[in-house]
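Content type CSV, C-alpha atoms and all ligand atoms, from the file model_22.csv:
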chain,number,residue,atom,x,y,z
A,1,MET,CA,29.9,-6.4,217.4
A,2,SER,CA,30.9,-6.9,221.0
A,3,ALA,CA,33.3,-4.4,222.6
A,4,LEU,CA,36.9,-4.9,221.8
A,5,PRO,CA,39.3,-6.2,224.5
A,6,LYS,CA,42.2,-4.1,225.8
A,7,THR,CA,44.7,-6.8,224.9
A,8,PHE,CA,44.9,-9.9,222.7
A,9,LYS,CA,46.9,-13.1,222.7
A,10,ALA,CA,49.7,-13.5,220.1
A,11,ALA,CA,52.7,-15.6,219.1
A,12,VAL,CA,55.6,-13.1,219.3
A,13,PHE,CA,59.2,-13.4,218.2
A,14,THR,CA,61.3,-11.4,220.6
A,15,ALA,CA,64.9,-12.4,219.8
A,16,GLN,CA,66.7,-13.8,216.7
A,17,GLY,CA,66.2,-17.5,216.3
A,18,ALA,CA,64.3,-17.9,219.6
A,19,PRO,CA,61.0,-19.7,219.8
A,20,ALA,CA,57.9,-17.6,219.7
A,21,GLU,CA,56.4,-16.5,223.1
A,22,ILE,CA,52.7,-16.6,223.6
A,23,LYS,CA,51.8,-13.3,225.3
A,24,GLN,CA,49.2,-10.6,225.7
A,25,VAL,CA,49.7,-7.6,223.4
A,26,GLU,CA,47.9,-4.2,223.6
A,27,LEU,CA,45.0,-3.8,221.1
A,28,LYS,CA,45.1,-0.4,219.5
A,29,PRO,CA,42.1,1.0,217.5
A,30,PRO,CA,42.6,0.9,213.7
A,31,GLY,CA,44.0,4.1,212.3
A,32,ASP,CA,43.3,6.0,209.1
A,33,ARG,CA,42.4,3.5,206.3
A,34,GLN,CA,43.1,0.6,208.5
A,35,VAL,CA,41.0,-2.5,209.2
A,36,LEU,CA,41.1,-4.5,212.4
A,37,ILE,CA,40.5,-8.2,211.9
A,38,LYS,CA,39.5,-10.9,214.4
A,39,VAL,CA,41.5,-13.9,213.3
A,40,LYS,CA,39.8,-17.3,212.7
A,41,ALA,CA,42.7,-19.1,211.0
A,42,SER,CA,46.3,-18.3,210.3
A,43,GLY,CA,48.6,-20.5,208.1
A,44,VAL,CA,52.1,-21.3,209.1
A,45,CYS,CA,54.6,-20.8,206.2
A,46,HIS,CA,58.3,-21.5,205.6
A,47,SER,CA,58.6,-17.7,205.3
A,48,ASP,CA,57.8,-17.4,209.0
A,49,MET,CA,61.5,-18.3,209.3
A,50,PHE,CA,62.4,-14.8,207.8
A,51,THR,CA,60.7,-13.2,210.8
A,52,ARG,CA,62.2,-15.6,213.4
A,53,TYR,CA,65.7,-15.0,212.0
A,54,ASN,CA,65.2,-11.2,211.3
A,55,ALA,CA,66.1,-11.8,207.6
A,56,TYR,CA,64.7,-8.5,206.6
A,57,GLY,CA,66.4,-6.6,209.4
A,58,VAL,CA,63.1,-5.3,210.7
A,59,GLY,CA,63.9,-6.3,214.3
A,60,PHE,CA,61.8,-7.5,217.3
A,61,PRO,CA,59.3,-7.9,218.8
A,62,ARG,CA,57.3,-9.1,215.7
A,63,ILE,CA,54.1,-11.3,215.3
A,64,PRO,CA,54.6,-13.6,212.3
A,65,GLY,CA,51.8,-14.8,210.0
A,66,HIS,CA,50.8,-13.9,206.4
A,67,GLU,CA,48.0,-16.4,205.6
A,68,VAL,CA,45.2,-14.9,207.6
A,69,VAL,CA,41.4,-15.4,207.5
A,70,GLY,CA,39.0,-13.6,209.9
A,71,ASN,CA,36.2,-11.2,210.3
A,72,ILE,CA,36.4,-7.4,210.3
A,73,ALA,CA,36.1,-6.3,214.0
A,74,ALA,CA,36.6,-2.5,213.6
A,75,LEU,CA,37.2,0.0,210.8
A,76,GLY,CA,39.5,3.1,210.9
A,77,THR,CA,38.5,6.4,209.3
A,78,GLY,CA,38.3,6.6,205.5
A,79,VAL,CA,38.0,2.9,204.8
A,80,ASP,CA,36.2,2.0,201.6
A,81,SER,CA,32.5,1.1,202.1
A,82,LYS,CA,33.0,-2.3,200.5
A,83,PHE,CA,34.5,-3.3,203.8
A,84,GLN,CA,31.8,-3.8,206.4
A,85,LEU,CA,31.9,-4.9,210.0
A,86,GLY,CA,31.7,-8.7,210.4
A,87,ALA,CA,32.7,-9.4,206.7
A,88,LEU,CA,34.9,-12.4,206.1
A,89,VAL,CA,38.3,-11.2,204.9
A,90,GLY,CA,41.8,-12.4,204.2
A,91,VAL,CA,45.4,-11.1,204.4
A,92,GLY,CA,48.4,-12.5,202.6
A,93,TRP,CA,52.0,-11.6,202.0
A,94,THR,CA,51.5,-8.1,200.4
A,95,ALA,CA,49.8,-6.3,203.2
A,96,GLY,CA,50.9,-2.8,202.0
A,97,PHE,CA,52.6,-1.1,199.1
A,98,CYS,CA,53.4,2.5,198.0
A,99,GLY,CA,50.9,2.7,195.1
A,100,GLN,CA,53.2,5.3,193.4
A,101,CYS,CA,56.3,3.4,192.1
A,102,ASP,CA,56.3,2.1,188.5
A,103,ARG,CA,55.8,-1.5,189.7
A,104,CYS,CA,52.7,-0.5,191.7
A,105,ARG,CA,51.4,1.7,188.8
A,106,ARG,CA,51.8,-1.2,186.4
A,107,GLY,CA,49.8,-3.5,188.7
A,108,TYR,CA,52.5,-5.5,190.4
A,109,PRO,CA,52.4,-4.2,194.0
A,110,ALA,CA,53.9,-7.5,195.2
A,111,SER,CA,57.2,-6.3,193.7
A,112,CYS,CA,57.0,-2.8,195.2
A,113,PRO,CA,60.3,-1.8,196.9
A,114,LYS,CA,58.3,-0.4,199.7
A,115,ILE,CA,56.2,-3.5,200.2
A,116,ALA,CA,54.8,-4.0,203.8
A,117,ILE,CA,54.8,-7.8,204.3
A,118,ALA,CA,52.4,-9.2,206.8
A,119,GLY,CA,54.3,-10.7,209.7
A,120,LEU,CA,57.6,-9.1,208.7
A,121,HIS,CA,57.3,-5.3,208.2
A,122,ILE,CA,54.1,-5.2,210.2
A,123,ASP,CA,52.6,-7.6,212.8
A,124,GLY,CA,50.9,-10.6,211.2
A,125,GLY,CA,48.2,-13.0,211.9
A,126,HIS,CA,49.4,-15.6,214.4
A,127,ALA,CA,47.3,-13.7,217.0
A,128,GLU,CA,43.7,-13.1,218.0
A,129,TYR,CA,43.7,-9.8,216.1
A,130,VAL,CA,45.6,-8.2,213.3
A,131,THR,CA,45.5,-4.6,211.9
A,132,VAL,CA,46.1,-4.1,208.2
A,133,SER,CA,45.9,-1.2,205.7
A,134,GLU,CA,42.8,-1.6,203.5
A,135,GLU,CA,44.8,-2.3,200.3
A,136,GLY,CA,46.1,-5.4,202.1
A,137,VAL,CA,42.6,-6.9,202.7
A,138,ALA,CA,40.8,-9.3,200.5
A,139,LEU,CA,37.0,-9.9,200.7
A,140,LEU,CA,36.4,-13.6,200.9
A,141,PRO,CA,33.2,-15.5,200.0
A,142,GLU,CA,31.1,-16.6,202.9
A,143,GLY,CA,30.8,-20.4,203.4
A,144,ILE,CA,34.5,-21.2,203.0
A,145,ASP,CA,36.4,-23.1,205.7
A,146,PRO,CA,38.8,-20.5,207.2
A,147,ALA,CA,41.5,-23.2,208.0
A,148,LYS,CA,41.5,-24.6,204.5
A,149,ALA,CA,41.3,-21.1,202.9
A,150,ALA,CA,44.2,-19.6,204.9
A,151,PRO,CA,47.0,-21.5,202.9
A,152,LEU,CA,45.4,-20.3,199.7
A,153,LEU,CA,46.5,-16.7,200.6
A,154,CYS,CA,50.2,-17.6,200.3
A,155,ALA,CA,50.9,-21.1,199.0
A,156,GLY,CA,47.8,-21.2,196.9
A,157,ILE,CA,48.1,-17.8,195.3
A,158,THR,CA,51.8,-18.3,194.6
A,159,VAL,CA,51.0,-21.3,192.5
A,160,TYR,CA,47.7,-20.0,190.9
A,161,ASN,CA,49.0,-16.5,190.1
A,162,GLY,CA,52.4,-17.7,188.8
A,163,LEU,CA,50.7,-20.2,186.5
A,164,ARG,CA,47.9,-17.9,185.2
A,165,ASN,CA,50.5,-15.2,184.3
A,166,ILE,CA,52.4,-17.5,181.9
A,167,LYS,CA,50.7,-16.2,178.7
A,168,GLU,CA,52.0,-19.0,176.5
A,169,ALA,CA,50.4,-21.7,178.6
A,170,MET,CA,47.0,-22.9,177.4
A,171,PRO,CA,44.6,-25.5,178.5
A,172,GLY,CA,45.7,-28.9,177.2
A,173,ASP,CA,49.4,-28.1,177.4
A,174,VAL,CA,51.7,-30.2,179.5
A,175,CYS,CA,52.3,-28.8,183.0
A,176,VAL,CA,54.9,-30.6,185.1
A,177,ILE,CA,54.9,-30.3,188.9
A,178,ALA,CA,58.1,-31.2,190.7
A,179,GLY,CA,57.6,-31.8,194.4
A,180,ILE,CA,54.5,-32.8,196.4
A,181,GLY,CA,54.5,-30.7,199.5
A,182,GLY,CA,52.9,-27.5,200.8
A,183,LEU,CA,53.1,-25.8,197.4
A,184,GLY,CA,53.1,-29.0,195.2
A,185,HIS,CA,49.8,-30.5,196.5
A,186,LEU,CA,48.1,-27.2,195.6
A,187,ALA,CA,50.0,-26.9,192.3
A,188,ILE,CA,48.7,-30.3,191.1
A,189,GLN,CA,45.1,-29.3,191.8
A,190,PHE,CA,45.4,-25.8,190.3
A,191,ALA,CA,47.1,-27.2,187.1
A,192,ASN,CA,44.5,-29.9,186.7
A,193,LYS,CA,41.5,-27.6,187.3
A,194,SER,CA,43.1,-25.0,184.9
A,195,GLY,CA,42.9,-27.6,182.2
A,196,PHE,CA,46.5,-28.6,181.9
A,197,LYS,CA,47.8,-32.1,181.2
A,198,THR,CA,49.1,-32.5,184.7
A,199,VAL,CA,52.4,-34.4,185.1
A,200,VAL,CA,53.8,-35.0,188.5
A,201,ILE,CA,57.4,-36.2,189.1
A,202,SER,CA,58.6,-37.6,192.3
A,203,SER,CA,61.5,-39.8,193.5
A,204,SER,CA,59.1,-41.8,195.7
A,205,SER,CA,56.6,-44.2,194.0
A,206,SER,CA,54.6,-44.1,197.3
A,207,LYS,CA,53.4,-40.6,196.4
A,208,LYS,CA,51.6,-41.9,193.2
A,209,ASP,CA,48.2,-42.5,194.7
A,210,LEU,CA,48.1,-39.1,196.4
A,211,ALA,CA,49.3,-37.4,193.2
A,212,VAL,CA,46.6,-39.1,191.1
A,213,ARG,CA,43.9,-38.3,193.7
A,214,LEU,CA,45.0,-34.6,193.6
A,215,GLY,CA,44.7,-34.5,189.8
A,216,ALA,CA,47.9,-35.9,188.2
A,217,HIS,CA,47.1,-37.4,184.7
A,218,VAL,CA,50.6,-38.8,184.6
A,219,PHE,CA,53.0,-39.8,187.4
A,220,ILE,CA,56.7,-40.2,186.7
A,221,ASP,CA,58.7,-42.1,189.3
A,222,THR,CA,62.2,-40.6,188.9
A,223,SER,CA,63.8,-43.6,190.6
A,224,ALA,CA,62.7,-45.8,187.8
A,225,HIS,CA,62.4,-43.5,184.8
A,226,ASP,CA,64.3,-40.6,183.2
A,227,SER,CA,61.8,-37.8,183.7
A,228,VAL,CA,63.3,-35.6,181.0
A,229,GLU,CA,63.0,-38.4,178.4
A,230,GLU,CA,59.4,-39.1,179.5
A,231,ILE,CA,58.4,-35.5,179.3
A,232,LYS,CA,60.0,-35.2,175.9
A,233,LYS,CA,57.9,-38.1,174.6
A,234,MET,CA,54.9,-35.8,175.4
A,235,GLY,CA,56.3,-33.1,173.3
A,236,GLY,CA,58.1,-31.3,176.1
A,237,ALA,CA,56.6,-29.2,178.9
A,238,LYS,CA,54.9,-25.9,178.4
A,239,VAL,CA,55.3,-25.3,182.1
A,240,ILE,CA,57.5,-26.9,184.8
A,241,ILE,CA,56.6,-25.7,188.3
A,242,ILE,CA,59.5,-26.2,190.8
A,243,THR,CA,57.9,-26.4,194.3
A,244,ALA,CA,60.9,-27.9,196.2
A,245,PRO,CA,64.0,-26.0,197.1
A,246,ASP,CA,66.3,-28.2,195.0
A,247,ALA,CA,68.7,-26.5,192.6
A,248,LYS,CA,69.9,-29.8,191.2
A,249,LEU,CA,66.4,-31.0,190.4
A,250,ALA,CA,65.5,-27.7,188.8
A,251,SER,CA,68.7,-27.6,186.7
A,252,SER,CA,68.2,-31.2,185.5
A,253,LEU,CA,64.7,-30.5,184.2
A,254,VAL,CA,65.5,-27.4,182.0
A,255,THR,CA,66.0,-29.6,178.9
A,256,ALA,CA,62.4,-31.0,179.4
A,257,LEU,CA,61.0,-27.6,178.5
A,258,GLY,CA,59.3,-27.6,175.1
A,259,HIS,CA,58.8,-24.8,172.6
A,260,MET,CA,58.0,-21.5,174.5
A,261,GLY,CA,58.2,-23.5,177.7
A,262,THR,CA,58.5,-21.8,181.1
A,263,MET,CA,60.2,-23.1,184.2
A,264,LEU,CA,58.3,-21.4,187.1
A,265,ILE,CA,60.4,-21.4,190.2
A,266,LEU,CA,58.3,-21.0,193.3
A,267,ALA,CA,60.5,-22.6,195.9
A,268,ALA,CA,63.1,-20.3,197.6
A,269,ILE,CA,66.2,-21.9,196.0
A,270,ASN,CA,69.1,-20.0,197.5
A,271,GLU,CA,71.9,-21.4,195.3
A,272,PRO,CA,72.9,-21.2,191.6
A,273,LEU,CA,71.2,-23.2,188.9
A,274,GLN,CA,73.2,-24.8,186.1
A,275,VAL,CA,71.3,-24.6,182.9
A,276,ASN,CA,71.7,-25.6,179.3
A,277,ALA,CA,71.4,-22.2,177.8
A,278,VAL,CA,71.4,-23.5,174.2
A,279,HIS,CA,68.2,-25.4,175.0
A,280,LEU,CA,66.6,-22.2,176.2
A,281,LEU,CA,67.8,-20.4,173.1
A,282,GLY,CA,66.6,-22.9,170.6
A,283,ASN,CA,63.2,-23.3,172.2
A,284,ALA,CA,62.5,-19.7,173.2
A,285,ALA,CA,62.1,-21.2,176.6
A,286,GLN,CA,62.6,-19.3,179.9
A,287,ILE,CA,63.1,-19.6,183.6
A,288,ARG,CA,61.2,-17.3,185.8
A,289,GLY,CA,59.9,-16.7,189.3
A,290,TRP,CA,56.7,-15.1,190.5
A,291,PRO,CA,56.3,-13.1,193.7
A,292,SER,CA,52.8,-14.1,195.0
A,293,GLY,CA,50.4,-11.3,194.4
A,294,SER,CA,48.1,-8.8,196.2
A,295,ALA,CA,44.6,-8.6,197.6
A,296,VAL,CA,42.7,-8.9,194.3
A,297,ASP,CA,44.8,-11.9,193.4
A,298,TRP,CA,43.9,-13.5,196.8
A,299,GLU,CA,40.2,-13.0,196.0
A,300,ASP,CA,40.7,-14.6,192.5
A,301,THR,CA,42.5,-17.5,194.0
A,302,VAL,CA,39.9,-18.3,196.7
A,303,LYS,CA,37.1,-17.8,194.2
A,304,PHE,CA,38.7,-20.2,191.7
A,305,ALA,CA,39.4,-22.7,194.4
A,306,GLN,CA,35.8,-22.6,195.7
A,307,LEU,CA,34.4,-22.9,192.1
A,308,SER,CA,36.7,-25.8,191.1
A,309,GLY,CA,37.0,-27.7,194.4
A,310,VAL,CA,40.7,-27.0,195.0
A,311,GLU,CA,41.4,-27.5,198.7
A,312,ALA,CA,44.4,-27.2,200.9
A,313,MET,CA,45.2,-30.2,203.0
A,314,VAL,CA,45.8,-28.9,206.5
A,315,GLU,CA,46.7,-29.9,210.1
A,316,THR,CA,45.3,-27.5,212.7
A,317,PHE,CA,46.9,-26.3,215.9
A,318,SER,CA,46.0,-23.9,218.7
A,319,LEU,CA,48.1,-20.7,219.1
A,320,GLU,CA,49.8,-22.2,222.1
A,321,ASP,CA,51.1,-25.0,219.8
A,322,TYR,CA,52.6,-22.6,217.3
A,323,GLU,CA,56.1,-24.0,217.8
A,324,LYS,CA,54.8,-27.5,217.2
A,325,ALA,CA,53.1,-26.3,214.0
A,326,TYR,CA,56.2,-24.5,212.9
A,327,ASP,CA,58.4,-27.5,213.7
A,328,ARG,CA,56.3,-30.0,211.8
A,329,MET,CA,56.4,-27.7,208.8
A,330,MET,CA,60.1,-27.2,208.9
A,331,LYS,CA,60.8,-30.9,209.3
A,332,ASN,CA,58.5,-31.6,206.3
A,333,GLN,CA,56.2,-33.8,208.4
A,334,VAL,CA,53.0,-31.8,208.1
A,335,ARG,CA,50.5,-33.0,205.5
A,336,PHE,CA,50.6,-30.4,204.0
A,337,ARG,CA,50.1,-27.0,205.7
A,338,SER,CA,50.0,-26.2,209.4
A,339,VAL,CA,47.2,-23.7,210.3
A,340,ILE,CA,46.6,-22.0,213.7
A,341,THR,CA,42.9,-21.9,214.4
A,342,PHE,CA,41.1,-19.7,216.9
A,343,PRO,CA,37.9,-20.5,218.8
B,401,ZN,ZN,54.1,-17.8,202.8
B,402,ZN,ZN,55.2,0.7,195.0
Write out the structure in this file as C-alpha cells.
Ligand SMILES: [Zn+2]
Ligand SMILES: [Zn+2]
Amino acid sequence: MSALPKTFKAAVFTAQGAPAEIKQVELKPPGDRQVLIKVKASGVCHSDMFTRYNAYGVGFPRIPGHEVVGNIAALGTGVDSKFQLGALVGVGWTAGFCGQCDRCRRGYPASCPKIAIAGLHIDGGHAEYVTVSEEGVALLPEGIDPAKAAPLLCAGITVYNGLRNIKEAMPGDVCVIAGIGGLGHLAIQFANKSGFKTVVISSSSSKKDLAVRLGAHVFIDTSAHDSVEEIKKMGGAKVIIITAPDAKLASSLVTALGHMGTMLILAAINEPLQVNAVHLLGNAAQIRGWPSGSAVDWEDTVKFAQLSGVEAMVETFSLEDYEKAYDRMMKNQVRFRSVITFP
C-alpha cells in the first residue's frame, strides 16, 4: 500500500438543491472499527436526490453515493481480520446501524431507526476515498467489474432481496415486472435467473427486444393488450414488482395478483394507491415494500449475479462529470445506471 494522500477529490453538495462541487477534502485516518476504502466505482442513484435536497435534514456539506466498490486502503483499530488491506469491498445504503434495537436483533438492520445511510448520514462514495464502519462493508469476489457491480449494491440488492424474501414465491411461479429502467432491467434478470416465469409489461412495444434479451419469457404491450386480463390467463401473478414510480400503474395491477400473490413496491411512489381490497382479501394477496438490505445481502446479491450472469447495464462518467451522470439519470436517459469510475 502506498502512503495515503493528505486530501482527496470528492463531489460535495454544499447547499440545498445546488449542483455538486468537485473539491479537495481532508483525508482522515480511519477510527475504531472503521475501514478506509479507495473507490474504484460509485453508482449514481435517484436517492442521491435526498442528499442534494437535504431530505433527511442532515445538512451540508455532504458527499453523496451509496453504491460503492473499491479496495481497502487502511484499517482502523479493532476491525475484524476478515477485512485485509487491498481486499475488494463494497458499500451500499445501510452503512451503519445500532445493532441493539429489535429490528437489528431480528436481522433487519436496513430498517433500524438509527440507520447510517451512506451519502446521507455519513459521507458517501462519489469520491476518491470513503470511510465506513466495518458493519457497512461487504467483501466482494475478485474478478468482477467494479463499474457493473456498483449498481448491484443498491438497485440490484433492492430487487434481489425483495424478491427472495417473498416466502410464497417459488421457481416456476409467474413474476411480473412493471417498468424497464434502472431497477427493472435488473429485476427481469434476477426473476429469470431465480427460475420465475418472467413477464414484462410496458407501454412501449419498442422495449420488447430488450426485455426478451434480459430474460422476459412473456412481453405484454399495454398499449395493445389488457395486462390484467393477460396475467389472469396465466393464473394470476405470484409476484408483481413495481419498478416505476407510477401509483396509477401499481393500482391498476392489483387485480392481476393470484392466490397468495405479492405486489412488491420498489419504486419510491410518493402518492396514495387505490386498491381493490376485496381482491386482496379473497386471494390472501398483499402489497409490500422492501428496504434494500445490509452488507451480507450485498455479498449474496453480487455472488448470485456472478454465478448466474446477471449484469447491470451502465454508462460510466468521471467524477468531474457527476452532474452530467446525475442529469442523465434524472431525465431517464441513461441506459440504465450512471456510474462514476476512478482511474
Ligand atoms: Zn440507491
Ligand atoms: Zn438498530
Pairwise distance for atom CA of Ile265 of chain A and atom CA of Arg288 of chain A, rounded to one decimal in Å: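 Atom CA of Arg288 of chain A lies at a distance of 6.1 Å from atom CA of Ile265 of chain A.
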Around ligand ZN 402 (chain B), at most 12 Å away and counting only C-alpha atoms and all ligand atoms, which residues are there? Put them as a ChimeraX atom specification, please. /A:94,96-116,294
Can you work out which residues are within 9 Å of ligand ZN 401 (chain B), considering only C-alpha atoms and all ligand atoms, and then hand them over as a ChimeraX atom specification? /A:43-48,65-67,92-93,151,153-155,158,292
Could you name the residues that touch Phe190 of chain A at 8 Å or less, counting only C-alpha atoms, but leaving out those on the same chain fewer than 5 positions away, as a VMD selection string? chain A and resid 159 to 160 305 310
Which is closer to Ala138 of chain A than all the others in A:Val91, A:Met234, A:Val58, A:Ile180, using only C-alpha atoms? A:Val91
Would you kindly identify which residues have an atom no farther than 12 Å from (43.2, -27.0, 183.3), using all atoms listed in the file and the file's own coordinates, and write them out as a PDB file with C-alpha atoms, in the frame of the given file?
ATOM      1  CA  TYR A 160      47.700 -20.000 190.900  1.00  0.00           C
ATOM      2  CA  LEU A 163      50.700 -20.200 186.500  1.00  0.00           C
ATOM      3  CA  ARG A 164      47.900 -17.900 185.200  1.00  0.00           C
ATOM      4  CA  ALA A 169      50.400 -21.700 178.600  1.00  0.00           C
ATOM      5  CA  MET A 170      47.000 -22.900 177.400  1.00  0.00           C
ATOM      6  CA  PRO A 171      44.600 -25.500 178.500  1.00  0.00           C
ATOM      7  CA  GLY A 172      45.700 -28.900 177.200  1.00  0.00           C
ATOM      8  CA  ASP A 173      49.400 -28.100 177.400  1.00  0.00           C
ATOM      9  CA  VAL A 174      51.700 -30.200 179.500  1.00  0.00           C
ATOM     10  CA  CYS A 175      52.300 -28.800 183.000  1.00  0.00           C
ATOM     11  CA  ALA A 187      50.000 -26.900 192.300  1.00  0.00           C
ATOM     12  CA  ILE A 188      48.700 -30.300 191.100  1.00  0.00           C
ATOM     13  CA  GLN A 189      45.100 -29.300 191.800  1.00  0.00           C
ATOM     14  CA  PHE A 190      45.400 -25.800 190.300  1.00  0.00           C
ATOM     15  CA  ALA A 191      47.100 -27.200 187.100  1.00  0.00           C
ATOM     16  CA  ASN A 192      44.500 -29.900 186.700  1.00  0.00           C
ATOM     17  CA  LYS A 193      41.500 -27.600 187.300  1.00  0.00           C
ATOM     18  CA  SER A 194      43.100 -25.000 184.900  1.00  0.00           C
ATOM     19  CA  GLY A 195      42.900 -27.600 182.200  1.00  0.00           C
ATOM     20  CA  PHE A 196      46.500 -28.600 181.900  1.00  0.00           C
ATOM     21  CA  LYS A 197      47.800 -32.100 181.200  1.00  0.00           C
ATOM     22  CA  THR A 198      49.100 -32.500 184.700  1.00  0.00           C
ATOM     23  CA  VAL A 199      52.400 -34.400 185.100  1.00  0.00           C
ATOM     24  CA  GLY A 215      44.700 -34.500 189.800  1.00  0.00           C
ATOM     25  CA  ALA A 216      47.900 -35.900 188.200  1.00  0.00           C
ATOM     26  CA  HIS A 217      47.100 -37.400 184.700  1.00  0.00           C
ATOM     27  CA  PHE A 304      38.700 -20.200 191.700  1.00  0.00           C
ATOM     28  CA  SER A 308      36.700 -25.800 191.100  1.00  0.00           C
ATOM     29  CA  VAL A 310      40.700 -27.000 195.000  1.00  0.00           C
TER      30      VAL A 310
END
Can you work out the spacing between atom CA of Arg328 of chain A and atom CA of Arg52 of chain A in Å, to one decimal?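 Interatomic distance here is 15.6 Å.
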Which value, in Å to one decimal, gives the distance between atom CA of Glu128 of chain A and atom CA of Ala41 of chain A?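 Calculated distance between atom CA of Glu128 of chain A and atom CA of Ala41 of chain A is 9.3 Å.
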For segment 94-161 of chain A versus segment 18-30 of chain A, which residues have an atom no more than 10 Å away, and what is each residue's nearest atom pair and distance in Å rounded to one decimal, using only C-alpha atoms, chain-then-number order, as a tab-separated table?
residue	atom	partner	partner_atom	distance
A:His126	CA	A:Ile22	CA	9.8
A:Ala127	CA	A:Ile22	CA	9.0
A:Glu128	CA	A:Val25	CA	9.8
A:Tyr129	CA	A:Leu27	CA	7.9
A:Val130	CA	A:Leu27	CA	9.0
A:Thr131	CA	A:Pro30	CA	6.5
A:Val132	CA	A:Pro30	CA	8.2
A:Ser133	CA	A:Pro30	CA	8.9
The residue from A:Leu210, A:His259, A:Thr222, A:His121 with the smallest atom-to-atom distance to Ala55 of chain A, counting only C-alpha atoms, is A:His121
Can you tell me, as a ChimeraX atom specification, what residues are no more than 12 Å from Lys38 of chain A when counting all atoms listed in the file, ignoring any on the same chain fewer than 3 positions away? /A:1-2,4-5,8-10,27,35,41-42,68-75,85-91,124-132,341-343
May I have the residues within 10 Å of Ala284 of chain A as an MDAnalysis selection string, using all atoms listed in the file and disregarding those fewer than 4 positions away in the same chain? chainID A and resid 257:262 278:280
